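K.L.:
Handing you a structure now.
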Amino acid sequence: MNNFYLTTPIYYVNAEPHIGHAYTTILADTMTRFQRLRGRLVRFQTGTDEHGEKIVEAAAKQGVEPRQYADRISHMFAETWPGLNIAPDNFIRTTDSKHVAAVQRVLQDLYDKGDIYFSRYGGNYCVGCERFYLDRELLDGVCPDHLTKPVFIEEENYFFKMSRYQQQLLDHIARNPSFIRPERYRNEVVSFLREPLEDLCISRPKTRLTWGIEMPFDNRFVTYVWFDALMNYLSGLDWPDGDLYQRFWQGPLADAQHLIAKDILKPHGIYWPTMLMAAGVPLYSHLNVHGYWKINDGKMSKSVGNVVKPLDLSKVYGVDPFRYFLLREMAFGLDASFSEELLVERYNADLANDLGNLFSRVLNMLSQYRQGVLPAVPAQKPPASQDLLALREQTLAAYQEHMQRFEFHLALTSLWAFISACNKYVVANEPWSLAKDPAKAQQLDAVLYDLAQALAWITVLLSPAMPGVSQSMAQALSLDINLGLGLRGQDMLKAGSQLKRPDPIFPRIESQKVQAKAAKAEEKTETKSNKKAKKEPMGPVPVIDIDEFARIDLRLGKVLEACPVEGADKLLKLTVDLGEEKPRTVVSGIAKHYNPQRLIGMQVVVVANLKPVVLRGVESHGMILAASDSDNIKVLTLTDSLAAGSRVK
RNA sequence: GGCGAUGUAGCUCAGUUGGUGAGAGCAUACGGCUCAUAUCCGUAGUGUCCGGGGUUCAAGUCCCUGCAUCGCCA
């Protein structure tokens, strides 16, 4: 079982990516990074589901073809993932020709085999719901959702003989208790399977729907939802003949798993396995099911929610802390609440205080007492050293066990117990006291050695959840994170290597600031209606400390291009080199005071970590500093020249 | 309406097959340290284990019922 295949659902393109999509995909990314760390061959697939009536409607609303519409939203999904440090190996679309071919192939096979049949049936059809209702489902003869009377429609369609595989599936689940996990979801499926299954309607006549995959044996119909959507897991592996299919699904080393949210349990826990049985394809090994994020919880959504969507919080607090929060806060399988407040709490307690501070204090002591050079392997270890090592091994075992079961929150909890033990280890040994007594130099060496090795080890175990941050941690430690040695419990840092003392990796978020932020947002929405009211009087500016100032990333930039913004008399669109891969676009309100030509080549100071904003249709990534009095605006510049991107403070 | 899940300290959750005083983290209060991002370490509390009824020597843990929240209903 060395080849690990993990999929997310393919996301329906009737909505833009939101926190639910992000959560599933971040979990999958974390899991696949973990499996890679263990040395397994890994394939991680996500993608988009693009057919169906809703897409036709949505496209029509925007006056475009379904294909065009699907392209646009699908790209939106594909482009969201790298921004969240998510790196899928494959992005599949149900409009891909190879997917269409695979769907038609399986439909033809099952039709030939007699598992798909044609049948006429009549029923109460609710136009609003686009579905048929059984008599017992109706409320006093009307649709329970729309409260309208359904129309009786008689229609012919194709059906999949799902009922034929019901018992076989029950047997399979009985033999493989963790086929569907956590347990609660297996129970749900099993209890559903105790009732007789009805066959699955898998087609729509083209008179009602054309945006779909045509039935290979009847061109009057397209296939509806299930075969189209679920088959992506196989078509993405070039089923039936591809090497990938062999390696990741059918072969003896294959371990294929799905990850879904609980709302699509039935299609994945019942339809999909029975479809696989019918097609003679082996079943996946595990269906992993997670819960829902409740967003409208507490004040946050009211005060800040208008301004900040959950996904935008990743930009405010950092992608990796955002990932950590999602992984740690939700007990896998259960529902959880999402709010900015909870995110900040988690960030400060776990990341800033426990981990960030440990990292900082250890590297700082190494730097102060040993010039950042890692001491040699100590001949004599302090008594608590063995305990720390034992805990490390214990933690490693627990961490791996939980990760294998998708219990991310427990894996991280166990890692944090070790981080906490490291902090206790510092206090117990008091390196600052040892440093004052030259006779205790060896003891000090031993303590620092243990702590540095612990940090390296933490860095590795953290890397699946926080790939970006652990990369910079590794850099400070001169650690090659890709060695994967962390999982073997050995010391990874070489004695004598030079460690750096980095800036705080998780600067603490001041809660007062958060409150102030929320208050500001509230104020903003309130004053929006009476915009004209007044300009804010310049009251006394509150005193801030150096840390607060340090949160503003000021950089030296060189203006490459400058031109007016159409339809705005005050704005200039500037292209500024900040020493990054690509120059940035920055919009500045100085058009009345500067001729664009004069700005080109000028060195300016840019607020580099300002939240991007769209001004007159131009997206601005930063702000140019300028001084102004009642009549004039003057851009800040340098009399000498320095490299673009230099830090200003 | 049908099926299912959940309801344990202010918050988020653990509590194995019913059995020694009901736990953890965060938040709160107090004390200690000073290497560190006003961080870390230690100590302290609080709970009609959703309500009601039942089984049992013994129930947060099993049964019935009510309430609340959530999901699914092809």
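In the structure tokens, each chain is lettered A, B, ... as it comes, each chain's residues begin at 1, and ligands are numbered from 1 in order of appearance.
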Hey, which bits of chain B sit within 12 Å of chain A, and for each residue what's the closest pair of atoms and how far apart in Å (one decimal), counting only C-alpha atoms (C1' of nucleotides), rows by chain and increasing number, as a Markdown table?
P.N.:
```
| residue | atom | partner | partner_atom | distance |
| --- | --- | --- | --- | --- |
| B:G1 | C1' | A:Glu137 | CA | 6.9 |
| B:G2 | C1' | A:Glu137 | CA | 7.9 |
| B:C3 | C1' | A:Phe192 | CA | 7.7 |
| B:G4 | C1' | A:Glu188 | CA | 6.1 |
| B:A5 | C1' | A:Arg184 | CA | 7.5 |
| B:U6 | C1' | A:Leu334 | CA | 9.0 |
| B:C11 | C1' | A:Leu342 | CA | 9.2 |
| B:U12 | C1' | A:Glu329 | CA | 7.6 |
| B:C13 | C1' | A:Ala331 | CA | 7.8 |
| B:A14 | C1' | A:Leu410 | CA | 10.6 |
| B:A24 | C1' | A:Thr413 | CA | 10.4 |
| B:G25 | C1' | A:Thr413 | CA | 8.9 |
| B:C26 | C1' | A:Ala349 | CA | 7.6 |
| B:A27 | C1' | A:Glu345 | CA | 9.4 |
| B:G32 | C1' | A:Val427 | CA | 10.9 |
| B:C33 | C1' | A:Val427 | CA | 7.9 |
| B:U34 | C1' | A:Trp432 | CA | 8.5 |
| B:C35 | C1' | A:Arg361 | CA | 5.6 |
| B:A36 | C1' | A:Arg361 | CA | 4.0 |
| B:U37 | C1' | A:Pro507 | CA | 5.7 |
| B:A38 | C1' | A:Arg508 | CA | 10.5 |
| B:U39 | C1' | A:Asn353 | CA | 6.0 |
| B:C40 | C1' | A:Asn423 | CA | 6.6 |
| B:C41 | C1' | A:Val427 | CA | 6.3 |
| B:G42 | C1' | A:Lys424 | CA | 10.6 |
| B:U69 | C1' | A:Asp335 | CA | 11.2 |
| B:C70 | C1' | A:Asp335 | CA | 8.5 |
| B:G71 | C1' | A:Asp263 | CA | 6.7 |
| B:C72 | C1' | A:Asp263 | CA | 7.1 |
| B:C73 | C1' | A:Glu137 | CA | 8.5 |
| B:A74 | C1' | A:Leu200 | CA | 6.7 |
```
K.L.:
Find the residues near Gln246 in chain A: any atom within 12 Å, counting only C-alpha atoms (C1' of nucleotides), skip ones fewer than 3 places away on the same chain, and give them as a ChimeraX atom specification.
P.N.:
/A:3,5,234,237-243,249-256,281-282
K.L.:
Mind writing the picked residues with all heavy atoms as a short mmCIF file (atom, residue, chain, number, x, y, z; two decimals), in the first residue's frame?
P.N.:
```cif
data_model
loop_
_atom_site.label_atom_id
_atom_site.label_comp_id
_atom_site.auth_asym_id
_atom_site.auth_seq_id
_atom_site.Cartn_x
_atom_site.Cartn_y
_atom_site.Cartn_z
N ASN A 3 1.32 3.39 -2.67
CA ASN A 3 0.94 4.48 -3.57
C ASN A 3 -0.36 5.12 -3.11
O ASN A 3 -1.41 4.50 -3.13
CB ASN A 3 0.78 3.95 -5.00
CG ASN A 3 2.06 3.30 -5.48
OD1 ASN A 3 3.13 3.54 -4.91
ND2 ASN A 3 1.96 2.47 -6.49
N TYR A 5 -3.36 7.74 -3.20
CA TYR A 5 -4.15 8.61 -4.07
C TYR A 5 -5.24 9.25 -3.23
O TYR A 5 -6.00 8.55 -2.55
CB TYR A 5 -4.76 7.76 -5.18
CG TYR A 5 -5.69 8.49 -6.15
CD1 TYR A 5 -5.33 9.69 -6.75
CD2 TYR A 5 -6.93 7.92 -6.50
CE1 TYR A 5 -6.17 10.32 -7.66
CE2 TYR A 5 -7.77 8.54 -7.41
CZ TYR A 5 -7.39 9.75 -7.98
OH TYR A 5 -8.22 10.36 -8.89
N LEU A 234 -11.81 8.29 -11.45
CA LEU A 234 -11.13 7.31 -12.31
C LEU A 234 -10.59 7.94 -13.58
O LEU A 234 -9.49 7.62 -14.03
CB LEU A 234 -12.11 6.18 -12.68
CG LEU A 234 -12.47 5.21 -11.57
CD1 LEU A 234 -13.41 4.14 -12.12
CD2 LEU A 234 -11.24 4.57 -10.99
N LEU A 237 -7.26 9.30 -13.59
CA LEU A 237 -6.15 8.33 -13.56
C LEU A 237 -6.04 7.60 -14.90
O LEU A 237 -5.37 6.58 -15.00
CB LEU A 237 -6.37 7.30 -12.45
CG LEU A 237 -6.32 7.79 -11.01
CD1 LEU A 237 -6.63 6.65 -10.05
CD2 LEU A 237 -4.95 8.37 -10.68
N ASP A 238 -6.73 8.11 -15.91
CA ASP A 238 -6.72 7.49 -17.25
C ASP A 238 -7.28 6.07 -17.24
O ASP A 238 -6.77 5.18 -17.93
CB ASP A 238 -5.31 7.49 -17.84
CG ASP A 238 -4.73 8.88 -17.90
OD1 ASP A 238 -5.51 9.84 -18.08
OD2 ASP A 238 -3.49 9.01 -17.74
N TRP A 239 -8.32 5.86 -16.42
CA TRP A 239 -9.00 4.58 -16.47
C TRP A 239 -9.51 4.35 -17.89
O TRP A 239 -9.92 5.31 -18.53
CB TRP A 239 -10.18 4.61 -15.47
CG TRP A 239 -11.06 3.41 -15.50
CD1 TRP A 239 -10.88 2.24 -14.84
CD2 TRP A 239 -12.28 3.29 -16.25
NE1 TRP A 239 -11.89 1.38 -15.11
CE2 TRP A 239 -12.78 1.99 -15.98
CE3 TRP A 239 -13.00 4.10 -17.12
CZ2 TRP A 239 -13.96 1.50 -16.56
CZ3 TRP A 239 -14.17 3.62 -17.70
CH2 TRP A 239 -14.64 2.34 -17.41
N PRO A 240 -9.55 3.15 -18.42
CA PRO A 240 -9.23 1.88 -17.76
C PRO A 240 -7.81 1.37 -18.01
O PRO A 240 -7.43 0.40 -17.38
CB PRO A 240 -10.23 0.93 -18.44
CG PRO A 240 -10.41 1.49 -19.81
CD PRO A 240 -10.26 2.97 -19.70
N ASP A 241 -7.07 2.04 -18.92
CA ASP A 241 -5.81 1.42 -19.34
C ASP A 241 -4.56 2.15 -18.86
O ASP A 241 -3.45 1.69 -19.11
CB ASP A 241 -5.76 1.35 -20.88
CG ASP A 241 -6.97 0.61 -21.42
OD1 ASP A 241 -7.29 -0.46 -20.86
OD2 ASP A 241 -7.61 1.11 -22.36
N GLY A 242 -4.72 3.30 -18.22
CA GLY A 242 -3.54 4.12 -17.92
C GLY A 242 -2.65 3.54 -16.83
O GLY A 242 -3.08 2.77 -15.99
N ASP A 243 -1.39 3.94 -16.88
CA ASP A 243 -0.43 3.54 -15.85
C ASP A 243 -0.85 4.07 -14.49
O ASP A 243 -0.71 3.41 -13.47
CB ASP A 243 0.96 4.13 -16.15
CG ASP A 243 1.60 3.41 -17.32
OD1 ASP A 243 1.12 2.30 -17.66
OD2 ASP A 243 2.55 3.97 -17.90
N TRP A 249 -4.80 2.90 -8.29
CA TRP A 249 -6.13 2.39 -7.97
C TRP A 249 -6.20 0.87 -8.00
O TRP A 249 -6.65 0.23 -7.05
CB TRP A 249 -7.18 2.98 -8.92
CG TRP A 249 -8.58 2.77 -8.40
CD1 TRP A 249 -9.24 1.57 -8.32
CD2 TRP A 249 -9.46 3.75 -7.85
NE1 TRP A 249 -10.48 1.74 -7.76
CE2 TRP A 249 -10.64 3.08 -7.46
CE3 TRP A 249 -9.37 5.12 -7.66
CZ2 TRP A 249 -11.72 3.74 -6.90
CZ3 TRP A 249 -10.45 5.78 -7.10
CH2 TRP A 249 -11.61 5.09 -6.72
N GLN A 250 -5.72 0.28 -9.06
CA GLN A 250 -5.96 -1.15 -9.21
C GLN A 250 -4.84 -2.02 -8.67
O GLN A 250 -5.10 -3.12 -8.18
CB GLN A 250 -6.20 -1.48 -10.69
CG GLN A 250 -6.83 -2.85 -10.83
CD GLN A 250 -6.96 -3.27 -12.26
OE1 GLN A 250 -6.12 -2.96 -13.11
NE2 GLN A 250 -8.01 -3.99 -12.56
N GLY A 251 -3.61 -1.54 -8.80
CA GLY A 251 -2.46 -2.38 -8.48
C GLY A 251 -2.39 -2.78 -7.02
O GLY A 251 -3.11 -2.24 -6.18
N PRO A 252 -1.52 -3.74 -6.72
CA PRO A 252 -1.41 -4.26 -5.34
C PRO A 252 -0.90 -3.22 -4.35
O PRO A 252 -1.14 -3.33 -3.16
CB PRO A 252 -0.41 -5.41 -5.46
CG PRO A 252 0.34 -5.14 -6.73
CD PRO A 252 -0.60 -4.42 -7.64
N LEU A 253 -0.21 -2.19 -4.83
CA LEU A 253 0.34 -1.18 -3.92
C LEU A 253 -0.59 0.02 -3.77
O LEU A 253 -0.28 0.97 -3.06
CB LEU A 253 1.69 -0.69 -4.44
CG LEU A 253 2.80 -1.73 -4.46
CD1 LEU A 253 4.07 -1.14 -5.04
CD2 LEU A 253 3.06 -2.25 -3.04
N ALA A 254 -1.73 -0.04 -4.45
CA ALA A 254 -2.58 1.15 -4.51
C ALA A 254 -3.38 1.35 -3.23
O ALA A 254 -3.87 0.39 -2.63
CB ALA A 254 -3.53 1.05 -5.69
N ASP A 255 -3.48 2.60 -2.81
CA ASP A 255 -4.31 2.99 -1.67
C ASP A 255 -5.06 4.26 -2.09
O ASP A 255 -4.53 5.36 -1.98
CB ASP A 255 -3.41 3.25 -0.46
CG ASP A 255 -4.19 3.71 0.77
OD1 ASP A 255 -5.43 3.65 0.75
OD2 ASP A 255 -3.53 4.12 1.74
N ALA A 256 -6.28 4.07 -2.59
CA ALA A 256 -7.05 5.20 -3.10
C ALA A 256 -8.07 5.64 -2.05
O ALA A 256 -8.82 4.82 -1.54
CB ALA A 256 -7.78 4.82 -4.39
N VAL A 281 -14.62 -2.62 -10.97
CA VAL A 281 -13.44 -1.89 -10.53
C VAL A 281 -13.33 -2.06 -9.01
O VAL A 281 -14.35 -2.00 -8.32
CB VAL A 281 -13.58 -0.39 -10.88
CG1 VAL A 281 -12.44 0.43 -10.30
CG2 VAL A 281 -13.64 -0.21 -12.40
N PRO A 282 -12.12 -2.28 -8.48
CA PRO A 282 -12.00 -2.41 -7.02
C PRO A 282 -12.49 -1.16 -6.31
O PRO A 282 -12.46 -0.07 -6.88
CB PRO A 282 -10.49 -2.57 -6.80
CG PRO A 282 -9.87 -2.76 -8.12
CD PRO A 282 -10.84 -2.37 -9.17
#
```
K.L.:
Residues near range 40-47 of chain A, anyone? I mean within 7 Å using only C-alpha atoms (C1' of nucleotides), not counting same-chain ones fewer than 4 positions away, as JSON, numbers by chain.
P.N.:
{"A": [2, 3, 4, 5, 6, 7, 8, 9, 10, 11, 32, 35, 36, 88, 89, 90, 91, 92, 93]}
K.L.:
With DSSP run on the backbone, what are the helix (DSSP H, G or I) residues within range 274-472 of chain A? I'd like them as number ranges by chain.
P.N.:
A: 274-279, 300-303, 310-317, 319-329, 340-370, 383-404, 408-429, 431-434, 438-462, 467-472
K.L.:
Name the residues in contact with A22 in chain B at a cut-off of 12 Å, using only C-alpha atoms (C1' of nucleotides), excluding same-chain residues fewer than 3 positions from it; report them as a list in words.
P.N.:
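Near A22 in chain B, the qualifying residues are U8, A9, A14, G15, G47, C49, G60 and U61 of chain B.
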K.L.:
So the first atom is CA of Ile153 in chain A and the second is CA of Pro205 in chain A; what is the distance between them in Å, to one decimal place?
P.N.:
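Distance reported for this atom pair: 12.9 Å.
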K.L.:
Find the residues near C62 in chain B: any atom within 9 Å, counting only C-alpha atoms (C1' of nucleotides), skip ones fewer than 2 places away on the same chain, and give them as number ranges by chain.
P.N.:
B: 18, 55, 59
K.L.:
When you draw a straight line from CA of Ala229 in chain A to CA of Met277 in chain A, how long is it in Å?
P.N.:
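Rounded to one decimal, the two atoms are 16.9 Å apart.
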K.L.:
List the spatial neighbours of range 29-31 of chain B as a PyMOL selection string - criterion: any atom at most 9 Å away, only C-alpha atoms (C1' of nucleotides), same-chain residues fewer than 3 positions off excluded.
P.N.:
chain B and resi 42-45
